[in-house]
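Asker: Could you have a look at this structure, given as C-alpha cells, before my questions?
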Amino acid sequence: MSVATTVSHDFDSREPELIHQYLAAAYGVRGLRMDSGGLDYRLSHRRLCAGPFSVDRSALSADLRVSVDGSESVVVCESTTSSVNRVCDGEEGCFGPGDVFLAAGPGRPYRARWRPGETLVVQLDPRLCAQVASPAPGQRPAQVRFTGLAPASAALADHWRATAHYVRLAVLTNPEASRHPLVLGAAARTLATAALAVFPNTALTDPTRQDRRDTVLPAVRRAVAFMEEHAGRDINPADVAAPRRCPSGRCNWRSGGTWTPRRWPTCGGSGWNGHTRTCGCPTHGGRR
C-alpha cells in the first residue's frame, strides 16, 4: 500500500448541515446522526492526510450527541481537553483528558456524547493492520478484529500517545519528510503496529490455516514414520508422541530423529550434528 504525499485540510463552520456532510465524508461513516439539543455550536477541524492514514485535531464548542451505523476505518481517539462517553457493542466507556480509546470496531455501530473541547484522532485503513500482522511473506493478509476498545494497559496508552505525537510532529508537519513516500509508508506501518500492540485484537491469537497446517503435518509425518519402522510390534499412543530434545539440553537432533523409552534416538540415516559422548549421546555411527 503506497503513500504518495501529505495533504492538509482545514474546516471551520457553525452550520450543522455543513458539519454533518464534512464529518460523514471525512470518516467514511454510514448513517451519521448528530444532535446538539438545539444549541448552536462550532467545529474546527484540521486534517493531515497521507493516503491510508490521517491525523486530525478537532475542537467542538458545544455538547454533541453522535450515532453512527458503521465505519470501515480504525479510528483511535485521544482526548486532550474534551470528555467523551461512547457505547459500542454493549461496552460503555467514559474518557477524559489524556485518555486513549477506539471509537468502535471497524464496521460496528456506536453512540457517543462529545463534550466541548479538543480531541486528537488517528484514522487508519484496516488493510494497514492486516498488512503488518501478516504472518508470512507472500501470504494473503487476514482481517484483524479488535476485541477491546480500550488500551490493554496504561503503559501501552502512553506508547500510543508517543507514537502518534512523533508521526504528527516529526513526519506530517515536516515539509521535507512528508514529501518522501518511504517515510510516510514507514509512519503508516508504525501507527498500525502501535494500534495492534495497544488494543486487544485477533492478530496474534487466531491461527491461520497455514499456521495450523505447519503445526499438524510434521506430527503426522513423525507418527507415520514411526509406525512404518515398528510395524512388527504393538504401538502405544505414547510411542508416537512428539520427539524430545537431547537430555543434556546442549545439542539438537535433526527433525527426523525420535526418542523412545530405553533406546537411543534414530536418525533416519542423517547425521546427529553436535552430538558427542560428553553429553551422553553417541556420535553418528548408525542406530543404537
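Convention: chains lettered A, B, ... in C-alpha cells order; per-chain residue numbering from 1; ligands numbered from 1 as shown.
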Write out as a ChimeraX atom specification the set of residues from range 30-230 of chain A that DSSP, computed on the backbone, places in helix (DSSP H, G or I).
Answerer: /A:126-133,154-172,177-179,181-198,209-229
Asker: Please, which residues of range 73-218 of chain A, numbered as in this document, come out strand (DSSP E or B) from DSSP, as an MDAnalysis selection string?
Answerer: chainID A and resid 74:79 84:88 91:95 100:102 110:114 117:124 146 201
Asker: Leaving out Val144 in chain A and any residue of its chain fewer than 4 positions from it, which residues lie within 9 Å of it when counting only C-alpha atoms, given as a tab-separated table (two decimals) with all heavy atoms, in the first residue's frame?
Answerer:
```tsv
chain	number	residue	atom	x	y	z
A	126	PRO	N	-8.02	-0.25	7.59
A	126	PRO	CA	-7.84	-1.58	8.21
A	126	PRO	C	-6.86	-2.46	7.46
A	126	PRO	O	-6.26	-3.37	8.05
A	126	PRO	CB	-9.26	-2.18	8.17
A	126	PRO	CG	-10.17	-1.01	8.10
A	126	PRO	CD	-9.44	0.04	7.31
A	127	ARG	N	-6.66	-2.20	6.17
A	127	ARG	CA	-5.70	-3.02	5.42
A	127	ARG	C	-4.28	-2.82	5.91
A	127	ARG	O	-3.43	-3.70	5.75
A	127	ARG	CB	-5.81	-2.70	3.92
A	127	ARG	CG	-7.10	-3.18	3.28
A	127	ARG	CD	-7.21	-2.74	1.83
A	127	ARG	NE	-7.29	-1.28	1.73
A	127	ARG	CZ	-7.36	-0.63	0.57
A	127	ARG	NH1	-7.34	-1.32	-0.57
A	127	ARG	NH2	-7.46	0.68	0.54
A	129	CYS	N	-3.47	-2.62	9.11
A	129	CYS	CA	-3.34	-3.56	10.23
A	129	CYS	C	-3.15	-4.99	9.72
A	129	CYS	O	-2.33	-5.74	10.25
A	129	CYS	CB	-4.57	-3.47	11.12
A	129	CYS	SG	-4.77	-1.86	11.93
A	130	ALA	N	-3.92	-5.36	8.69
A	130	ALA	CA	-3.76	-6.70	8.13
A	130	ALA	C	-2.38	-6.88	7.52
A	130	ALA	O	-1.79	-7.95	7.58
A	130	ALA	CB	-4.85	-6.95	7.09
A	133	ALA	N	0.26	-7.37	10.25
A	133	ALA	CA	0.02	-8.59	11.01
A	133	ALA	C	0.17	-9.84	10.18
A	133	ALA	O	0.03	-10.94	10.70
A	133	ALA	CB	-1.39	-8.55	11.61
A	196	LEU	N	-2.15	-2.25	16.97
A	196	LEU	CA	-2.26	-3.68	17.27
A	196	LEU	C	-1.62	-4.02	18.60
A	196	LEU	O	-2.03	-4.96	19.27
A	196	LEU	CB	-1.63	-4.50	16.14
A	196	LEU	CG	-2.32	-4.44	14.79
A	196	LEU	CD1	-1.56	-5.23	13.75
A	196	LEU	CD2	-3.76	-4.95	14.89
A	201	ASN	N	-6.72	-7.55	20.17
A	201	ASN	CA	-7.16	-7.89	18.83
A	201	ASN	C	-6.82	-9.33	18.53
A	201	ASN	O	-6.18	-10.02	19.34
A	201	ASN	CB	-6.51	-6.95	17.80
A	201	ASN	CG	-5.01	-7.05	17.82
A	201	ASN	OD1	-4.42	-7.93	17.21
A	201	ASN	ND2	-4.34	-6.15	18.56
A	202	THR	N	-7.24	-9.80	17.36
A	202	THR	CA	-7.04	-11.20	16.97
A	202	THR	C	-5.79	-11.43	16.15
A	202	THR	O	-5.55	-12.55	15.72
A	202	THR	CB	-8.26	-11.69	16.15
A	202	THR	OG1	-8.37	-10.86	14.97
A	202	THR	CG2	-9.54	-11.58	16.96
A	203	ALA	N	-4.99	-10.41	15.94
A	203	ALA	CA	-3.85	-10.57	15.03
A	203	ALA	C	-2.88	-11.63	15.50
A	203	ALA	O	-2.30	-12.36	14.70
A	203	ALA	CB	-3.10	-9.23	14.90
```
Asker: Give me the residues near Ala155 in chain A as a PyMOL selection string, where near means some atom within 12 Å (using only C-alpha atoms) and where sequence neighbours in that chain fewer than 6 positions away do not count.
Answerer: chain A and resi 99-100+161-162+197-199
Asker: Go ahead and write the selection's residues with N, CA and C atoms as a PDB file, in the first residue's frame.
Answerer:
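The new file again-v5.pdb reads:
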```pdb
ATOM      1  N   ASP A  99      -7.047  10.474  27.935  1.00  0.00           N
ATOM      2  CA  ASP A  99      -7.405   9.076  27.671  1.00  0.00           C
ATOM      3  C   ASP A  99      -7.310   8.745  26.183  1.00  0.00           C
ATOM      4  N   VAL A 100      -6.993   7.474  25.911  1.00  0.00           N
ATOM      5  CA  VAL A 100      -6.888   6.950  24.548  1.00  0.00           C
ATOM      6  C   VAL A 100      -7.927   5.847  24.391  1.00  0.00           C
ATOM      7  N   ARG A 161       0.277   7.412  22.602  1.00  0.00           N
ATOM      8  CA  ARG A 161       0.411   8.864  22.595  1.00  0.00           C
ATOM      9  C   ARG A 161       1.766   9.289  22.038  1.00  0.00           C
ATOM     10  N   ALA A 162       2.822   8.593  22.453  1.00  0.00           N
ATOM     11  CA  ALA A 162       4.160   8.945  21.980  1.00  0.00           C
ATOM     12  C   ALA A 162       4.306   8.680  20.486  1.00  0.00           C
ATOM     13  N   ALA A 197      -0.578  -3.285  18.963  1.00  0.00           N
ATOM     14  CA  ALA A 197       0.084  -3.544  20.246  1.00  0.00           C
ATOM     15  C   ALA A 197      -0.728  -2.992  21.413  1.00  0.00           C
ATOM     16  N   VAL A 198      -1.439  -1.892  21.191  1.00  0.00           N
ATOM     17  CA  VAL A 198      -2.110  -1.188  22.292  1.00  0.00           C
ATOM     18  C   VAL A 198      -3.487  -1.776  22.588  1.00  0.00           C
ATOM     19  N   PHE A 199      -4.258  -2.094  21.547  1.00  0.00           N
ATOM     20  CA  PHE A 199      -5.641  -2.534  21.739  1.00  0.00           C
ATOM     21  C   PHE A 199      -5.767  -4.039  21.513  1.00  0.00           C
TER      22      PHE A 199
END
```
Asker: For a quick check of understanding, using only C-alpha atoms, which of A:His165, A:Thr173, A:His20, A:Thr193 has the smallest distance to Glu78 in chain A?
Answerer: A:His165
Asker: Given the choices A:Ser8, A:Glu72, A:Ala150, A:Gln131, which gets closest to Gly93 in chain A if the distance is worked out from only C-alpha atoms?
Answerer: A:Ala150
Asker: Between CA of Thr5 in chain A and CA of Val74 in chain A, what is the spacing in Å?
Answerer: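 Between these atoms lies a distance of 20.5 Å.
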Asker: Find the residues around range 120-123 of chain A up to 6 Å (only C-alpha atoms counted), leave out those fewer than 3 positions away in its own chain, and share them as a VMD selection string.
Answerer: chain A and resid 53 to 57 74 to 78
Asker: Store the residues of this selection in a file with all heavy atoms, as an mmCIF file, in the first residue's frame.
Answerer:
```cif
data_model
loop_
_atom_site.group_PDB
_atom_site.id
_atom_site.type_symbol
_atom_site.label_atom_id
_atom_site.label_comp_id
_atom_site.auth_asym_id
_atom_site.auth_seq_id
_atom_site.Cartn_x
_atom_site.Cartn_y
_atom_site.Cartn_z
ATOM 1 N N PHE A 53 -3.732 6.713 5.986
ATOM 2 C CA PHE A 53 -3.928 7.170 7.357
ATOM 3 C C PHE A 53 -4.010 8.689 7.376
ATOM 4 O O PHE A 53 -3.552 9.386 6.469
ATOM 5 C CB PHE A 53 -2.795 6.684 8.278
ATOM 6 C CG PHE A 53 -1.504 7.440 8.145
ATOM 7 C CD1 PHE A 53 -1.176 8.467 9.028
ATOM 8 C CD2 PHE A 53 -0.592 7.127 7.141
ATOM 9 C CE1 PHE A 53 0.012 9.164 8.923
ATOM 10 C CE2 PHE A 53 0.609 7.812 7.020
ATOM 11 C CZ PHE A 53 0.913 8.839 7.917
ATOM 12 N N SER A 54 -4.624 9.202 8.430
ATOM 13 C CA SER A 54 -4.724 10.647 8.617
ATOM 14 C C SER A 54 -4.651 10.948 10.107
ATOM 15 O O SER A 54 -4.992 10.110 10.951
ATOM 16 C CB SER A 54 -6.019 11.201 8.018
ATOM 17 O OG SER A 54 -7.140 10.671 8.693
ATOM 18 N N VAL A 55 -4.210 12.159 10.412
ATOM 19 C CA VAL A 55 -4.121 12.629 11.790
ATOM 20 C C VAL A 55 -4.922 13.928 11.878
ATOM 21 O O VAL A 55 -4.662 14.865 11.120
ATOM 22 C CB VAL A 55 -2.659 12.857 12.208
ATOM 23 C CG1 VAL A 55 -2.588 13.428 13.613
ATOM 24 C CG2 VAL A 55 -1.870 11.551 12.127
ATOM 25 N N ASP A 56 -5.904 13.962 12.778
ATOM 26 C CA ASP A 56 -6.831 15.089 12.872
ATOM 27 C C ASP A 56 -6.765 15.741 14.251
ATOM 28 O O ASP A 56 -6.489 15.077 15.260
ATOM 29 C CB ASP A 56 -8.274 14.629 12.630
ATOM 30 C CG ASP A 56 -8.453 13.911 11.312
ATOM 31 O OD1 ASP A 56 -7.589 14.063 10.424
ATOM 32 O OD2 ASP A 56 -9.453 13.189 11.162
ATOM 33 N N ARG A 57 -7.069 17.018 14.257
ATOM 34 C CA ARG A 57 -7.259 17.769 15.504
ATOM 35 C C ARG A 57 -8.608 18.451 15.404
ATOM 36 O O ARG A 57 -8.822 19.297 14.529
ATOM 37 C CB ARG A 57 -6.139 18.783 15.703
ATOM 38 C CG ARG A 57 -6.209 19.561 17.011
ATOM 39 C CD ARG A 57 -5.113 20.612 17.083
ATOM 40 N NE ARG A 57 -3.806 20.007 17.087
ATOM 41 C CZ ARG A 57 -3.158 19.644 18.197
ATOM 42 N NH1 ARG A 57 -3.716 19.837 19.376
ATOM 43 N NH2 ARG A 57 -1.966 19.106 18.121
ATOM 44 N N VAL A 74 -10.279 2.226 11.152
ATOM 45 C CA VAL A 74 -9.863 2.103 12.552
ATOM 46 C C VAL A 74 -9.626 3.530 13.044
ATOM 47 O O VAL A 74 -8.741 4.222 12.547
ATOM 48 C CB VAL A 74 -8.585 1.258 12.686
ATOM 49 C CG1 VAL A 74 -8.126 1.202 14.140
ATOM 50 C CG2 VAL A 74 -8.805 -0.141 12.134
ATOM 51 N N VAL A 75 -10.429 3.986 13.999
ATOM 52 C CA VAL A 75 -10.366 5.367 14.476
ATOM 53 C C VAL A 75 -9.904 5.359 15.932
ATOM 54 O O VAL A 75 -10.632 4.904 16.821
ATOM 55 C CB VAL A 75 -11.731 6.071 14.344
ATOM 56 C CG1 VAL A 75 -11.642 7.502 14.841
ATOM 57 C CG2 VAL A 75 -12.197 6.047 12.890
ATOM 58 N N VAL A 76 -8.694 5.851 16.156
ATOM 59 C CA VAL A 76 -8.124 5.918 17.505
ATOM 60 C C VAL A 76 -8.208 7.363 17.981
ATOM 61 O O VAL A 76 -7.728 8.278 17.301
ATOM 62 C CB VAL A 76 -6.658 5.438 17.523
ATOM 63 C CG1 VAL A 76 -6.146 5.388 18.958
ATOM 64 C CG2 VAL A 76 -6.520 4.073 16.858
ATOM 65 N N CYS A 77 -8.825 7.566 19.130
ATOM 66 C CA CYS A 77 -9.051 8.918 19.658
ATOM 67 C C CYS A 77 -8.206 9.154 20.911
ATOM 68 O O CYS A 77 -7.994 8.234 21.710
ATOM 69 C CB CYS A 77 -10.526 9.113 20.005
ATOM 70 S SG CYS A 77 -11.670 8.755 18.656
ATOM 71 N N GLU A 78 -7.773 10.368 21.058
ATOM 72 C CA GLU A 78 -7.096 10.808 22.277
ATOM 73 C C GLU A 78 -7.717 12.136 22.693
ATOM 74 O O GLU A 78 -7.621 13.136 21.972
ATOM 75 C CB GLU A 78 -5.602 10.977 22.055
ATOM 76 C CG GLU A 78 -4.876 11.519 23.282
ATOM 77 C CD GLU A 78 -3.445 11.894 22.997
ATOM 78 O OE1 GLU A 78 -2.908 11.494 21.935
ATOM 79 O OE2 GLU A 78 -2.851 12.607 23.831
#
```
Asker: Using only C-alpha atoms, determine which residues lie at most 6 Å from range 26-39 of chain A, disregarding the query and same-chain residues fewer than 2 positions distant; provide the list as an NGL selection string.
Answerer: :A and (22-24 or 64-71)
Asker: Between A:Ala186, A:Ala157, A:Val167, A:Ala50, which one has atoms that come closest to Val7 in chain A, using only C-alpha atoms?
Answerer: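 For Val7 in chain A, the nearest of the given residues is A:Ala50.
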Asker: Do you know which residues are at most 7 Å from Ser61 in chain A counting only C-alpha atoms, after dropping those on the same chain fewer than 2 positions away, and could you put them as a VMD selection string?
Answerer: chain A and resid 41 to 43 59 116 to 117
Asker: Between A:Gly98, A:Ile19, A:Pro175, A:Thr81, which one has atoms that come closest to Asp158 in chain A, using only C-alpha atoms?
Answerer: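 Among the listed residues, the smallest separation from Asp158 in chain A belongs to A:Gly98.
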Asker: Provide the CA of Gln21 in chain A to CA of Trp114 in chain A distance in Å, to one decimal place.
Answerer: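 Atom-to-atom, CA of Gln21 in chain A and CA of Trp114 in chain A are spaced 17.6 Å apart.
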Asker: Of the residues A:Thr190, A:Ser79, A:Gln143, A:Asn174, which is the one nearest to His159 in chain A, using only C-alpha atoms?
Answerer: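 Of the candidates, the smallest distance to His159 in chain A is held by A:Thr190.
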